[in-house]
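Working notes, beginning with the structure itself.
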Amino acid sequence: MTDYMPMSRTGYDKLMAELKQLEDVDMPIIAKRIAEARAEGDLKENAEYHGARESQGMMQAKINLLRDKLSRAQIIDTSTLPRDTVAFSCTVIVKDLDFGDKETFTLVGAGDEDYDAGKILISSPLAQGLVGKKVGQKVEIEVPAGTMKFQILEISFDD
């Protein structure tokens, strides 16, 4: 996958710090656990050794995922984005046309997502369906759970 991944500077720095923590602190701890378990002898029935190796594999997978995200990162300068359409880093208030309730979403890049707080990835199907829309527009978005229907009520930027 060669697509770029839009991010804020804050999100990029957060992912970089997490990667550094995993590589410089957590991975050496697991390597030490593996060495200690290996020193105990027979590895066939050594649950501590196998557990540490499994932890190492999962942590390496997470490190690889973070490296991939960071290698595809594109820091977005939000001051150059249009202010009248839904775009990266905006907060959009929509009316759910099926249920009548209002929902608020902030479109963010990797590292900034917080689904409980309404911060959704710009690459998500929901966000992609909203991008480029203006206040007053109605939109139907295909998501894995079905079709969502919204009307854009308000668009704002924090900066």
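Every chain in the structure tokens takes a letter, A first, then B, and so on in the order presented; its residues are numbered from 1, and the ligands are numbered from 1 following the presented order.
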Looking only at the backbone, which of the residues in chain A does DSSP tag as alpha helix (DSSP H), as a PyMOL selection string?
-> chain A and resi 9-21+27-39+47-71+125-130
Using only C-alpha atoms, please write the residues we just selected to a file, as a tab-separated table (two decimals), in the first residue's frame.
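Contents of selection_6.tsv, freshly written:
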```
chain	number	residue	atom	x	y	z
A	9	ARG	CA	2.17	17.19	13.65
A	10	THR	CA	0.80	16.13	17.06
A	11	GLY	CA	-0.38	12.76	15.74
A	12	TYR	CA	2.96	12.14	14.03
A	13	ASP	CA	4.88	12.98	17.20
A	14	LYS	CA	2.60	10.72	19.26
A	15	LEU	CA	3.20	7.75	16.94
A	16	MET	CA	6.94	8.46	16.88
A	17	ALA	CA	7.07	8.50	20.70
A	18	GLU	CA	5.14	5.22	20.85
A	19	LEU	CA	7.54	3.62	18.37
A	20	LYS	CA	10.56	4.85	20.34
A	21	GLN	CA	9.07	3.44	23.57
A	27	MET	CA	11.50	-4.74	23.27
A	28	PRO	CA	14.72	-4.98	25.34
A	29	ILE	CA	12.62	-6.07	28.35
A	30	ILE	CA	11.11	-8.90	26.31
A	31	ALA	CA	14.54	-9.87	24.96
A	32	LYS	CA	15.77	-10.12	28.56
A	33	ARG	CA	12.75	-12.30	29.49
A	34	ILE	CA	13.55	-14.60	26.57
A	35	ALA	CA	17.22	-14.87	27.60
A	36	GLU	CA	16.28	-15.67	31.21
A	37	ALA	CA	13.75	-18.31	30.11
A	38	ARG	CA	16.28	-19.81	27.70
A	39	ALA	CA	18.82	-20.11	30.53
A	47	ALA	CA	5.90	-21.80	29.07
A	48	GLU	CA	7.76	-18.62	30.08
A	49	TYR	CA	9.97	-18.86	26.99
A	50	HIS	CA	7.04	-19.48	24.63
A	51	GLY	CA	5.02	-16.66	26.22
A	52	ALA	CA	7.90	-14.22	25.86
A	53	ARG	CA	8.45	-15.23	22.23
A	54	GLU	CA	4.76	-14.69	21.50
A	55	SER	CA	4.90	-11.25	23.17
A	56	GLN	CA	7.97	-10.43	21.09
A	57	GLY	CA	6.17	-11.36	17.88
A	58	MET	CA	3.12	-9.25	18.71
A	59	MET	CA	5.28	-6.29	19.69
A	60	GLN	CA	7.31	-6.60	16.47
A	61	ALA	CA	4.06	-6.58	14.48
A	62	LYS	CA	3.01	-3.38	16.25
A	63	ILE	CA	6.42	-1.82	15.59
A	64	ASN	CA	6.12	-2.72	11.90
A	65	LEU	CA	2.63	-1.17	11.74
A	66	LEU	CA	3.85	2.06	13.34
A	67	ARG	CA	6.85	2.22	11.00
A	68	ASP	CA	4.53	1.76	8.03
A	69	LYS	CA	2.21	4.55	9.18
A	70	LEU	CA	5.13	6.89	9.82
A	71	SER	CA	6.75	6.10	6.47
A	125	PRO	CA	-15.55	5.25	5.09
A	126	LEU	CA	-17.64	7.69	7.14
A	127	ALA	CA	-15.07	10.49	6.90
A	128	GLN	CA	-14.47	9.85	3.20
A	129	GLY	CA	-18.20	10.20	2.59
A	130	LEU	CA	-18.22	13.60	4.32
```
Shell around region 80-85 of chain A at 10 Å using only C-alpha atoms, local window under 6 positions removed, as a ChimeraX atom specification | /A:92,130-135,152,154-157
Would you mind listing what lies within 12 Å of Val108 (chain A) as an MDAnalysis selection string, with only C-alpha atoms counted and same-chain residues fewer than 3 positions away left out?
-> chainID A and resid 5:12 75:76 78 86:92 105 111:115 117:124 127:128 131 157
Please produce an output containing C-alpha atoms for each residue in the selection, written as an mmCIF file, in the first residue's frame.
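Listed below is the output, out14.cif:
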```cif
data_model
loop_
_atom_site.group_PDB
_atom_site.id
_atom_site.type_symbol
_atom_site.label_atom_id
_atom_site.label_comp_id
_atom_site.auth_asym_id
_atom_site.auth_seq_id
_atom_site.Cartn_x
_atom_site.Cartn_y
_atom_site.Cartn_z
ATOM 1 C CA MET A 5 -1.494 8.905 5.413
ATOM 2 C CA PRO A 6 -2.536 12.429 6.422
ATOM 3 C CA MET A 7 -1.514 13.383 9.956
ATOM 4 C CA SER A 8 -1.224 16.369 12.179
ATOM 5 C CA ARG A 9 2.169 17.187 13.655
ATOM 6 C CA THR A 10 0.798 16.134 17.062
ATOM 7 C CA GLY A 11 -0.380 12.762 15.743
ATOM 8 C CA TYR A 12 2.957 12.145 14.026
ATOM 9 C CA ILE A 75 1.877 16.300 7.691
ATOM 10 C CA ILE A 76 -1.075 18.458 6.671
ATOM 11 C CA THR A 78 -4.518 22.965 7.918
ATOM 12 C CA VAL A 86 -15.521 19.221 5.149
ATOM 13 C CA ALA A 87 -11.765 18.568 5.186
ATOM 14 C CA PHE A 88 -8.950 17.153 7.312
ATOM 15 C CA SER A 89 -8.950 18.415 10.932
ATOM 16 C CA CYS A 90 -12.396 20.003 10.740
ATOM 17 C CA THR A 91 -15.205 19.341 13.161
ATOM 18 C CA VAL A 92 -18.473 18.659 11.402
ATOM 19 C CA PHE A 105 -17.196 14.221 14.170
ATOM 20 C CA GLY A 111 -2.331 8.920 16.068
ATOM 21 C CA ASP A 112 -5.117 11.366 16.896
ATOM 22 C CA GLU A 113 -8.121 9.062 16.608
ATOM 23 C CA ASP A 114 -10.411 8.727 19.648
ATOM 24 C CA TYR A 115 -13.712 7.182 18.666
ATOM 25 C CA ALA A 117 -14.659 11.532 21.614
ATOM 26 C CA GLY A 118 -15.905 11.565 17.994
ATOM 27 C CA LYS A 119 -12.409 11.852 16.492
ATOM 28 C CA ILE A 120 -12.520 9.596 13.442
ATOM 29 C CA LEU A 121 -9.785 8.744 10.946
ATOM 30 C CA ILE A 122 -9.911 10.771 7.740
ATOM 31 C CA SER A 123 -9.413 7.479 5.873
ATOM 32 C CA SER A 124 -12.544 5.852 7.370
ATOM 33 C CA ALA A 127 -15.073 10.493 6.902
ATOM 34 C CA GLN A 128 -14.467 9.855 3.200
ATOM 35 C CA VAL A 131 -15.057 15.080 2.771
ATOM 36 C CA PHE A 157 -11.814 24.387 12.418
#
```
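Distances here use only C-alpha atoms; by that measure, the residue among A:Thr104, A:Lys95, A:Asp116, A:Asp158 closest to Gly136 (chain A) is A:Lys95.
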What residues in chain A get the DSSP label strand (DSSP E)? Please answer as a VMD selection string.
-> chain A and resid 5 to 7 73 to 75 90 to 96 102 to 108 119 to 121 138 to 143 146 to 157
Just the residues within 8 Å of Glu140 (chain A), please, counting only C-alpha atoms, with nothing from its chain fewer than 5 positions along; format it as a list in words.
-> Gly129, Thr147, Met148, Lys149 and Phe150 of chain A
Could you tell me how far CA of Glu142 (chain A) lies from CA of Asp77 (chain A), in Å and to one decimal?
-> 28.7 Å
Quick one: distance from CA of Asp26 (chain A) to CA of Ala73 (chain A) in Å, one decimal?
-> 23.8 Å
For CA of Asp3 (chain A) and CA of Arg72 (chain A), determine how far apart the two atoms are, in Å to one decimal place.
->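 Separating CA of Asp3 (chain A) from CA of Arg72 (chain A) is a distance of 6.9 Å.
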